[in-house]
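Chemist: Below is the structure I would like to discuss, written out as structure tokens.
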Amino acid sequence: MAESIFADLDRYVAHPRTSGLCLSPDGSRLVTTVQTLNSKNNGYVSALWEIDPAGQRPARRLTRSLKGETGPAFSAAGDLYFTSARADETGEDEHSALWCLPASGGEARVVNGRAGGVTSVVPAAEADVTAVTAPLLPGATDESSQESLHTLRKDASVTAVLHSGYPVRYWDKDLGPAANHAFIVEPAEDDDDAVGPAESARHRLRCLTLELGRRFDGTVQLSPDGSQALLGVTVPEAKAERRSSIAVVETSTGAHRMVADSPGITYTPGPLSPDGTKAAVTVSPQPSPERALSPRLAVLEISSGTVTPLAAQLDLWLSPASSRPWLDDQRLLATADKTGRGGLFIVDVVSGEAEEVAVEGAVYSEVHPSPDGAVAYAVRSSYAFPEEVVRIDLGTGSVTRLQNPTPRPAIPGRLEEVQTRASDGVVVRGWLCLPEHASADTPAALLLWIHGGPLSSWNAWSWRWNPWLAVEQGYAVLLPDPALSTGYGQDFVQRGWNAWGEKPYTDLMSITDAVEARADIDASRTAAMGGSFGGYMANWIAGQTDRFKAIVTHASLWALDQFGPTTDMSPFWRRQIDQAMMDEHSPHDFVNRIVTPMLVIHGDKDYRVPIGEGLRLWFELLADSGLPADADGETLHRFLYFPDENHWILQPQHTKVWYRVIFAFLSEHLLGQPGRLPAPLGLTPAETSSPESE
């Protein structure tokens, strides 16, 4: 039997990964995206693969290039659009150009290559109309002036941006000076006889959102006939606040009007119905420190702007199941987190009722119904397997795995569901990943792994945060859903709202107690770990208890008064965290209580949790913790710093370093065995520790 990919980080990061799905309008073709390592092993490149909806034929690769392809979408005629920075037929490198693979066959060709590139493509389902989003510099009024300004800025080697509004950056991207706009793809003026992208060398872009300027948020939903589109619109407010609204635009003229805009309410546009008269949207009152976020699925009548809530009987956060989720003019498919899994629902927009499809436990995304509505195609995953494309019988809920382009890796252990009852009587549940050897005779050390968000759930596979690598090392991994987790109802979120150090913390301790009481768990060897909000909780735990032998904190919030104004989305967090929360629940206030060795990890390009959090945490651990640096500056704490990584640590070579340093740290403090650090850190002789042998 071949060695598990979880036993070899080189094989793990090289394993191909499936994501995304699109279905041709006639239901005959399915296309997904597969990521593989690039030739330098320092990044991933994506290719498009076709999957047989009937499950009879093996998957076949459609595209192949050094730069890769992303964002596939079918036109009404069956042409496959995508974006790619690959070289075109002239040999020139385009940056994120719009490409088309014709339904009639032949090679892919460039539809539009422009200065600044193309971000995404949105074809109409029933008409020869295609929209794209693409960046436009603020001084540009058309593609010609965009080209001139882009070239001027590039030739002058200027990267400075003069801002007049908020925000200025997002996740790991510096915003500006260009902003996303929506365009309609049209034949070039000197190519009026062209009948489609397969016959035309290049097409032009006509902007729909010049009037909106930077208020357009980048979201476009085309009606099936292509005559109109819903746009996401940001409405600026005082004190750097803003709200999200919806406009409708006539694609032939560019005339637009607001159809959903109310102070204190967030509206997110969703797919339009087959008749184009309504759309599935999500609506949420803007949260406050007293009231938790509560997004709800609704139907928007385009002509009147009337918004009607849907599935009110379900205490879940439903959203449209894909970009094309409608079964007919009255029904659509929707998904939601649900008790550590995902739910799939058929929602009737007339009655407002939702009927659950009895699919097996997993999370389903990109759910596209067939033209006759009998089946749907989706991407599913769980903690037992990564993303894979399946067919769902919507009548029975039966799920069939299709012939995928990537194999399903065997997990090196067993997956169990665990739960306990918190002090207020609420059930807290989670997943427990166990090594096969874990038993009363050979109990396993335990790793409590806390999810980020905080509004999320441990319910779907993650290549980035994968517990099976730790299981392969011999650890049992607990993945709990404490207060604030999604899929358990609004009250469960409200329990932890604006009080992160209370119910979320006590829920984590309660379920850890329950798992430590098992005979197959060694309660004397337990560590805690988390990233982002999970990193906040790891920091909080470190200052509240000494029960853990080691704590790993990644991209973590440390000083809430510092984090709030410096994160990339300060207004969003200001609506969640008030002064009392900052005064009572900031981990930095308890640094002197920390006596547990901590491994701090942070990337410099992290704008969501800025590097200042990690730097301050590191200094205060050494200066003020109950386990400070000694007179020679030595400490049991460690700081793993990535100058060119963001919130997640995405480069394959750094992913391997991330896991190896964590496992070395845990081995030292949980198992009492010196951990082997990766040679590329420069800490060990290359001849005794090489990347290939680790």
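Going by the structure tokens order, chains are called A, B, ..., each with residues numbered from 1, while ligands are numbered from 1 in the order shown.
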Do a neighbour search on Ser75 (chain A) at 8 Å with only C-alpha atoms, toss out local chain neighbours closer than 4 positions, and write the hits as a list in words.

Modeler: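 Near neighbours after the sequence-gap exclusion: Ser24, Pro25, Asp79, Leu80, Tyr81, Pro123, Ala124, Ala125, Glu126, Ala127, Asp128 and Thr130 of chain A.
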
Chemist: Go ahead and dump the residues you just picked, N, CA and C atoms, as a JSON list (two decimals), in the first residue's frame.

Modeler:
```json
[["chain", "number", "residue", "atom", "x", "y", "z"],
["A", 24, "SER", "N", -23.13, 23.68, -18.23],
["A", 24, "SER", "CA", -23.61, 24.33, -19.46],
["A", 24, "SER", "C", -25.13, 24.45, -19.40],
["A", 25, "PRO", "N", -25.70, 25.45, -20.07],
["A", 25, "PRO", "CA", -27.16, 25.66, -20.00],
["A", 25, "PRO", "C", -27.99, 24.45, -20.42],
["A", 79, "ASP", "N", -20.24, 28.09, -25.31],
["A", 79, "ASP", "CA", -18.82, 28.47, -25.28],
["A", 79, "ASP", "C", -18.38, 28.58, -23.83],
["A", 80, "LEU", "N", -17.15, 28.23, -23.57],
["A", 80, "LEU", "CA", -16.62, 28.25, -22.21],
["A", 80, "LEU", "C", -15.66, 29.44, -22.07],
["A", 81, "TYR", "N", -16.09, 30.42, -21.28],
["A", 81, "TYR", "CA", -15.25, 31.57, -20.98],
["A", 81, "TYR", "C", -14.40, 31.29, -19.74],
["A", 123, "PRO", "N", -21.55, 35.28, -18.02],
["A", 123, "PRO", "CA", -22.39, 35.19, -19.22],
["A", 123, "PRO", "C", -23.87, 35.05, -18.85],
["A", 124, "ALA", "N", -24.73, 35.54, -19.73],
["A", 124, "ALA", "CA", -26.17, 35.31, -19.58],
["A", 124, "ALA", "C", -26.49, 33.87, -19.92],
["A", 125, "ALA", "N", -27.51, 33.32, -19.26],
["A", 125, "ALA", "CA", -27.82, 31.90, -19.43],
["A", 125, "ALA", "C", -28.56, 31.61, -20.73],
["A", 126, "GLU", "N", -29.28, 32.62, -21.28],
["A", 126, "GLU", "CA", -30.13, 32.33, -22.43],
["A", 126, "GLU", "C", -29.94, 33.30, -23.59],
["A", 127, "ALA", "N", -28.91, 34.13, -23.54],
["A", 127, "ALA", "CA", -28.71, 35.12, -24.61],
["A", 127, "ALA", "C", -27.23, 35.32, -24.84],
["A", 128, "ASP", "N", -26.91, 35.87, -26.01],
["A", 128, "ASP", "CA", -25.50, 36.13, -26.35],
["A", 128, "ASP", "C", -25.07, 37.46, -25.74],
["A", 130, "THR", "N", -22.58, 38.89, -22.49],
["A", 130, "THR", "CA", -21.58, 38.53, -21.48],
["A", 130, "THR", "C", -21.11, 39.78, -20.76]]
```

Chemist: If you count only C-alpha atoms, which residues fall within 12 Å of Leu137 (chain A), apart from same-chain ones fewer than 4 positions away, as a ChimeraX atom specification?

Modeler: /A:115-117,141-153,161,175-181,210,213-214

Chemist: Let me see the file: selected residues, N, CA and C atoms, as a compact mmCIF listing (two decimals), in the first residue's frame.

Modeler:
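Printed below is selection38.txt as written:
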```
# COMPACT_ATOMS: atom_id res chain seq x y z
N ALA A 115 -5.42 46.64 -20.59
CA ALA A 115 -4.53 47.14 -19.54
C ALA A 115 -5.23 47.02 -18.20
N GLY A 116 -4.61 46.33 -17.26
CA GLY A 116 -5.23 46.11 -15.95
C GLY A 116 -5.89 44.77 -15.82
N GLY A 117 -6.14 44.10 -16.95
CA GLY A 117 -6.69 42.76 -16.90
C GLY A 117 -8.19 42.69 -16.72
N THR A 141 -12.11 57.16 -18.62
CA THR A 141 -13.52 57.20 -19.02
C THR A 141 -13.86 56.15 -20.07
N ASP A 142 -12.82 55.56 -20.65
CA ASP A 142 -13.02 54.49 -21.63
C ASP A 142 -11.74 53.65 -21.65
N GLU A 143 -11.71 52.64 -22.53
CA GLU A 143 -10.57 51.74 -22.56
C GLU A 143 -9.30 52.41 -23.08
N SER A 144 -9.47 53.41 -23.94
CA SER A 144 -8.30 54.11 -24.46
C SER A 144 -7.60 54.91 -23.36
N SER A 145 -8.39 55.64 -22.57
CA SER A 145 -7.78 56.42 -21.48
C SER A 145 -7.27 55.50 -20.38
N GLN A 146 -7.90 54.34 -20.21
CA GLN A 146 -7.39 53.36 -19.25
C GLN A 146 -6.00 52.89 -19.67
N GLU A 147 -5.84 52.61 -20.95
CA GLU A 147 -4.55 52.17 -21.47
C GLU A 147 -3.49 53.24 -21.25
N SER A 148 -3.82 54.49 -21.52
CA SER A 148 -2.85 55.58 -21.39
C SER A 148 -2.43 55.76 -19.94
N LEU A 149 -3.42 55.80 -19.03
CA LEU A 149 -3.10 56.02 -17.62
C LEU A 149 -2.36 54.83 -17.02
N HIS A 150 -2.74 53.64 -17.41
CA HIS A 150 -2.07 52.45 -16.91
C HIS A 150 -0.60 52.45 -17.35
N THR A 151 -0.36 52.77 -18.61
CA THR A 151 1.01 52.81 -19.12
C THR A 151 1.83 53.90 -18.46
N LEU A 152 1.21 55.07 -18.25
CA LEU A 152 1.91 56.18 -17.59
C LEU A 152 2.34 55.78 -16.19
N ARG A 153 1.45 55.19 -15.45
CA ARG A 153 1.76 54.78 -14.08
C ARG A 153 2.85 53.70 -14.06
N VAL A 161 -0.75 55.64 -3.89
CA VAL A 161 -2.19 55.79 -4.06
C VAL A 161 -2.68 56.92 -3.17
N LEU A 175 -5.70 48.41 -2.02
CA LEU A 175 -6.75 48.90 -2.91
C LEU A 175 -6.32 50.20 -3.58
N GLY A 176 -6.83 50.39 -4.79
CA GLY A 176 -6.56 51.61 -5.53
C GLY A 176 -5.25 51.56 -6.29
N PRO A 177 -5.06 52.54 -7.16
CA PRO A 177 -6.05 53.56 -7.51
C PRO A 177 -7.18 53.03 -8.38
N ALA A 178 -6.96 51.91 -9.08
CA ALA A 178 -8.03 51.35 -9.91
C ALA A 178 -9.12 50.73 -9.04
N ALA A 179 -10.34 50.76 -9.54
CA ALA A 179 -11.48 50.14 -8.86
C ALA A 179 -12.21 49.25 -9.86
N ASN A 180 -12.83 48.20 -9.35
CA ASN A 180 -13.56 47.29 -10.22
C ASN A 180 -14.78 47.99 -10.84
N HIS A 181 -15.03 47.68 -12.11
CA HIS A 181 -16.23 48.15 -12.80
C HIS A 181 -16.84 46.99 -13.57
N LEU A 210 -19.77 53.56 -14.83
CA LEU A 210 -19.03 54.81 -14.68
C LEU A 210 -19.73 55.76 -13.71
N GLY A 213 -18.99 54.75 -10.14
CA GLY A 213 -17.60 54.93 -9.71
C GLY A 213 -17.19 53.87 -8.70
N ARG A 214 -16.55 54.31 -7.62
CA ARG A 214 -16.05 53.38 -6.62
C ARG A 214 -17.16 52.79 -5.76
```

Chemist: Grab the CA of Arg61 (chain A) to CA of Gly105 (chain A) distance for me, in Å with one decimal place.

Modeler: 13.8 Å

Chemist: Considering only C-alpha atoms, can you say which of A:Arg29, A:Arg60, A:Arg401, A:Arg464 comes closest to Arg17 (chain A)?

Modeler: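 Answer, going by the shortest atom-to-atom distance: A:Arg464.
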
Chemist: Between A:Trp461, A:His554, A:Pro405, A:Gly373, single out the one closest to Pro58 (chain A), counting only C-alpha atoms.

Modeler: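 Among the listed residues, the smallest separation from Pro58 (chain A) belongs to A:Pro405.
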
Chemist: Can you tell me which residues surround Tyr267 (chain A) at a distance of at most 12 Å, considering only C-alpha atoms, apart from same-chain residues fewer than 3 positions away, and format the answer as a VMD selection string?

Modeler: chain A and resid 217 219 230 to 235 242 to 247 258 to 264 270 279 to 286 294 to 300 305 307

Chemist: For the residues selected in the previous step, produce a file with N, CA and C atoms as a tab-separated table (two decimals), in the first residue's frame.

Modeler:
```tsv
chain	number	residue	atom	x	y	z
A	217	ASP	N	-19.45	47.55	-6.02
A	217	ASP	CA	-18.65	46.68	-5.15
A	217	ASP	C	-18.07	45.45	-5.85
A	219	THR	N	-19.89	43.11	-7.61
A	219	THR	CA	-20.85	42.01	-7.76
A	219	THR	C	-21.79	42.27	-8.92
A	230	LEU	N	-28.16	42.95	-11.95
A	230	LEU	CA	-28.13	43.47	-10.59
A	230	LEU	C	-26.69	43.75	-10.22
A	231	LEU	N	-26.48	44.89	-9.57
A	231	LEU	CA	-25.15	45.30	-9.16
A	231	LEU	C	-25.11	45.51	-7.65
A	232	GLY	N	-24.04	45.10	-7.03
A	232	GLY	CA	-23.83	45.44	-5.63
A	232	GLY	C	-23.28	46.86	-5.55
A	233	VAL	N	-23.87	47.65	-4.67
A	233	VAL	CA	-23.49	49.06	-4.55
A	233	VAL	C	-23.16	49.37	-3.10
A	234	THR	N	-22.01	50.02	-2.89
A	234	THR	CA	-21.61	50.46	-1.55
A	234	THR	C	-22.04	51.90	-1.37
A	235	VAL	N	-22.77	52.16	-0.31
A	235	VAL	CA	-23.22	53.53	-0.01
A	235	VAL	C	-22.38	54.06	1.15
A	242	ARG	N	-20.31	52.39	6.05
A	242	ARG	CA	-20.91	52.19	4.74
A	242	ARG	C	-21.94	51.09	4.84
A	243	ARG	N	-22.85	51.08	3.87
A	243	ARG	CA	-23.83	50.01	3.80
A	243	ARG	C	-23.84	49.45	2.39
A	244	SER	N	-24.38	48.25	2.25
A	244	SER	CA	-24.43	47.57	0.95
A	244	SER	C	-25.85	47.58	0.41
A	245	SER	N	-25.99	47.94	-0.87
A	245	SER	CA	-27.29	48.06	-1.50
A	245	SER	C	-27.26	47.38	-2.87
A	246	ILE	N	-28.41	47.41	-3.56
A	246	ILE	CA	-28.53	46.76	-4.86
A	246	ILE	C	-29.11	47.74	-5.86
A	247	ALA	N	-28.49	47.79	-7.04
A	247	ALA	CA	-29.02	48.56	-8.16
A	247	ALA	C	-29.30	47.61	-9.31
A	258	MET	N	-31.70	52.34	-8.10
A	258	MET	CA	-31.58	51.56	-6.88
A	258	MET	C	-32.87	50.79	-6.66
A	259	VAL	N	-32.75	49.52	-6.29
A	259	VAL	CA	-33.94	48.71	-6.03
A	259	VAL	C	-33.99	48.19	-4.61
A	260	ALA	N	-32.87	48.25	-3.88
A	260	ALA	CA	-32.87	47.81	-2.48
A	260	ALA	C	-31.81	48.61	-1.75
A	261	ASP	N	-32.26	49.58	-0.97
A	261	ASP	CA	-31.33	50.43	-0.24
A	261	ASP	C	-32.04	51.01	0.97
A	262	SER	N	-31.61	50.61	2.15
A	262	SER	CA	-32.20	51.10	3.40
A	262	SER	C	-31.11	51.30	4.42
A	263	PRO	N	-31.07	52.44	5.10
A	263	PRO	CA	-30.09	52.63	6.17
A	263	PRO	C	-30.20	51.52	7.21
A	264	GLY	N	-29.05	51.02	7.64
A	264	GLY	CA	-29.03	49.99	8.65
A	264	GLY	C	-29.24	48.58	8.13
A	270	GLY	N	-28.20	38.50	-5.66
A	270	GLY	CA	-28.03	37.10	-6.01
A	270	GLY	C	-28.62	36.81	-7.37
A	279	ALA	N	-35.12	38.09	-7.94
A	279	ALA	CA	-33.78	37.59	-7.66
A	279	ALA	C	-33.72	37.09	-6.22
A	280	ALA	N	-32.89	36.08	-6.02
A	280	ALA	CA	-32.61	35.60	-4.67
A	280	ALA	C	-31.50	36.49	-4.10
A	281	VAL	N	-31.76	37.10	-2.97
A	281	VAL	CA	-30.79	38.01	-2.35
A	281	VAL	C	-30.65	37.64	-0.88
A	282	THR	N	-29.60	38.14	-0.26
A	282	THR	CA	-29.47	37.99	1.19
A	282	THR	C	-29.60	39.37	1.82
A	283	VAL	N	-30.26	39.39	2.96
A	283	VAL	CA	-30.57	40.63	3.66
A	283	VAL	C	-30.19	40.48	5.12
A	284	SER	N	-29.55	41.50	5.67
A	284	SER	CA	-29.18	41.43	7.08
A	284	SER	C	-29.19	42.82	7.69
A	285	PRO	N	-29.87	42.98	8.83
A	285	PRO	CA	-29.68	44.23	9.57
A	285	PRO	C	-28.21	44.36	9.95
A	286	GLN	N	-27.66	45.56	9.82
A	286	GLN	CA	-26.28	45.72	10.21
A	286	GLN	C	-26.14	45.39	11.70
A	294	SER	N	-27.14	38.60	11.29
A	294	SER	CA	-28.21	37.63	11.03
A	294	SER	C	-28.65	37.69	9.58
A	295	PRO	N	-27.82	37.25	8.64
A	295	PRO	CA	-28.20	37.26	7.22
A	295	PRO	C	-29.32	36.27	6.93
A	296	ARG	N	-30.26	36.69	6.07
A	296	ARG	CA	-31.41	35.85	5.73
A	296	ARG	C	-31.63	35.86	4.22
A	297	LEU	N	-32.06	34.72	3.70
A	297	LEU	CA	-32.40	34.62	2.30
A	297	LEU	C	-33.73	35.31	2.04
A	298	ALA	N	-33.83	36.03	0.93
A	298	ALA	CA	-35.06	36.74	0.58
A	298	ALA	C	-35.22	36.74	-0.93
A	299	VAL	N	-36.41	37.12	-1.40
A	299	VAL	CA	-36.64	37.28	-2.83
A	299	VAL	C	-36.93	38.76	-3.09
A	300	LEU	N	-36.26	39.30	-4.09
A	300	LEU	CA	-36.41	40.70	-4.48
A	300	LEU	C	-37.22	40.78	-5.77
A	305	GLY	N	-39.09	46.54	-6.17
A	305	GLY	CA	-38.11	46.63	-5.09
A	305	GLY	C	-38.58	45.97	-3.81
A	307	VAL	N	-38.94	43.33	-1.03
A	307	VAL	CA	-38.08	42.26	-0.53
A	307	VAL	C	-38.88	41.42	0.46
```

Chemist: Skip region 467-469 of chain A itself and residues of its chain fewer than 5 positions away, then list as a list in words all residues within 7 Å of it, counting only C-alpha atoms.

Modeler: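 Non-adjacent residues within range: Phe6, Ile411, Pro412 and Val477 of chain A.
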
Chemist: With only C-alpha atoms as the atoms that count, which of A:Trp317, A:Trp540, A:Trp326, A:Tyr505 lies nearest to Ser273 (chain A)?

Modeler: A:Trp326

Chemist: Smallest atom-to-atom distance to Val31 (chain A): which of A:Arg574, A:Arg676, A:His368, A:Arg593, using only C-alpha atoms?

Modeler: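 The answer is A:His368, which sits nearest to Val31 (chain A).
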
Chemist: Need to verify the contact set: Asn404 (chain A), 9 Å, only C-alpha atoms, exclusion of same-chain residues closer than 6 positions in sequence. Can you return it as a PDB file with N, CA and C atoms, in the first residue's frame?

Modeler:
```
ATOM      1  N   THR A  18      -9.374  19.942  -6.273  1.00  0.00           N
ATOM      2  CA  THR A  18     -10.526  20.339  -7.077  1.00  0.00           C
ATOM      3  C   THR A  18     -11.270  21.480  -6.413  1.00  0.00           C
ATOM      4  N   GLU A  50     -13.084  18.807 -17.682  1.00  0.00           N
ATOM      5  CA  GLU A  50     -14.481  18.482 -17.941  1.00  0.00           C
ATOM      6  C   GLU A  50     -14.820  17.134 -17.312  1.00  0.00           C
ATOM      7  N   ILE A  51     -15.999  17.085 -16.681  1.00  0.00           N
ATOM      8  CA  ILE A  51     -16.484  15.878 -15.999  1.00  0.00           C
ATOM      9  C   ILE A  51     -17.782  15.433 -16.666  1.00  0.00           C
ATOM     10  N   ASP A  52     -17.903  14.160 -16.905  1.00  0.00           N
ATOM     11  CA  ASP A  52     -19.105  13.611 -17.540  1.00  0.00           C
ATOM     12  C   ASP A  52     -20.262  13.628 -16.538  1.00  0.00           C
ATOM     13  N   GLY A  55     -21.431  10.300 -15.453  1.00  0.00           N
ATOM     14  CA  GLY A  55     -20.534   9.482 -14.658  1.00  0.00           C
ATOM     15  C   GLY A  55     -19.941   8.305 -15.399  1.00  0.00           C
ATOM     16  N   PRO A  58     -14.220   9.062 -18.086  1.00  0.00           N
ATOM     17  CA  PRO A  58     -13.235   9.706 -17.204  1.00  0.00           C
ATOM     18  C   PRO A  58     -13.188  11.208 -17.467  1.00  0.00           C
ATOM     19  N   ALA A  59     -12.786  11.953 -16.446  1.00  0.00           N
ATOM     20  CA  ALA A  59     -12.617  13.392 -16.619  1.00  0.00           C
ATOM     21  C   ALA A  59     -11.504  13.656 -17.620  1.00  0.00           C
ATOM     22  N   GLU A 388     -15.031  17.209  -4.080  1.00  0.00           N
ATOM     23  CA  GLU A 388     -15.244  16.315  -5.214  1.00  0.00           C
ATOM     24  C   GLU A 388     -16.592  16.632  -5.844  1.00  0.00           C
ATOM     25  N   VAL A 389     -16.722  16.341  -7.125  1.00  0.00           N
ATOM     26  CA  VAL A 389     -17.935  16.670  -7.861  1.00  0.00           C
ATOM     27  C   VAL A 389     -18.893  15.475  -7.809  1.00  0.00           C
ATOM     28  N   VAL A 390     -20.154  15.778  -7.508  1.00  0.00           N
ATOM     29  CA  VAL A 390     -21.165  14.733  -7.338  1.00  0.00           C
ATOM     30  C   VAL A 390     -22.446  15.102  -8.079  1.00  0.00           C
TER      31      VAL A 390
END
```

Chemist: Between A:Ala384, A:Val591, A:Val657, A:Met529, which has the minimum distance to Leu415 (chain A) (counting only C-alpha atoms)?

Modeler: A:Ala384

Chemist: Looking at A:Pro443, A:Gly530, A:Gly218, A:Gly489, which one is nearest to Pro135 (chain A), with distances taken over only C-alpha atoms?

Modeler: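 Of the candidates, the smallest distance to Pro135 (chain A) is held by A:Gly218.
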
Chemist: Per DSSP on the backbone, what are the strand (DSSP E or B) residues of region 411-467 of chain A, as an MDAnalysis selection string?

Modeler: chainID A and resid 413:421 427:435 444:450

Chemist: Enumerate, as JSON, numbers by chain, the complete set of residues in region 521-589 of chain A that a backbone-based DSSP assignment places in alpha helix (DSSP H).

Modeler: {"A": [533, 534, 535, 536, 537, 538, 539, 540, 541, 542, 543, 544, 560, 561, 562, 563, 564, 565, 566, 570, 571, 572, 573, 574, 579, 580, 581, 582, 583, 584]}

Chemist: Using only C-alpha atoms, determine which residues lie at most 9 Å from Tyr488 (chain A), disregarding the query and same-chain residues fewer than 5 positions distant; provide the list as a VMD selection string.

Modeler: chain A and resid 315 to 316 337 to 340 493

Chemist: Within 6 Å of Arg525 (chain A), counting only C-alpha atoms, which residues show up once you throw out same-chain ones fewer than 2 positions away? Write them as a list in words, please.

Modeler: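 Selected residues are Ala445, Asp522, Ala523 and Leu670 of chain A.
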
Chemist: Now that the selection is made, can you save its residues with N, CA and C atoms as a PDB file, in the first residue's frame?

Modeler:
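The resulting file, again-v1.pdb, is reproduced below:
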```
ATOM      1  N   ALA A 445      -2.183  11.800  22.622  1.00  0.00           N
ATOM      2  CA  ALA A 445      -2.125  13.206  23.018  1.00  0.00           C
ATOM      3  C   ALA A 445      -3.180  13.978  22.230  1.00  0.00           C
ATOM      4  N   ASP A 522      -5.095  10.921  26.240  1.00  0.00           N
ATOM      5  CA  ASP A 522      -4.181  11.174  27.352  1.00  0.00           C
ATOM      6  C   ASP A 522      -4.341  12.628  27.787  1.00  0.00           C
ATOM      7  N   ALA A 523      -5.117  12.843  28.859  1.00  0.00           N
ATOM      8  CA  ALA A 523      -5.430  14.199  29.296  1.00  0.00           C
ATOM      9  C   ALA A 523      -4.209  14.952  29.813  1.00  0.00           C
ATOM     10  N   LEU A 670       4.753  18.358  24.282  1.00  0.00           N
ATOM     11  CA  LEU A 670       3.759  17.349  24.624  1.00  0.00           C
ATOM     12  C   LEU A 670       4.368  15.965  24.787  1.00  0.00           C
TER      13      LEU A 670
END
```

Chemist: Quick check, in Å to one decimal: how far apart do CA of Thr33 (chain A) and CA of Leu48 (chain A) lie?

Modeler: 4.7 Å
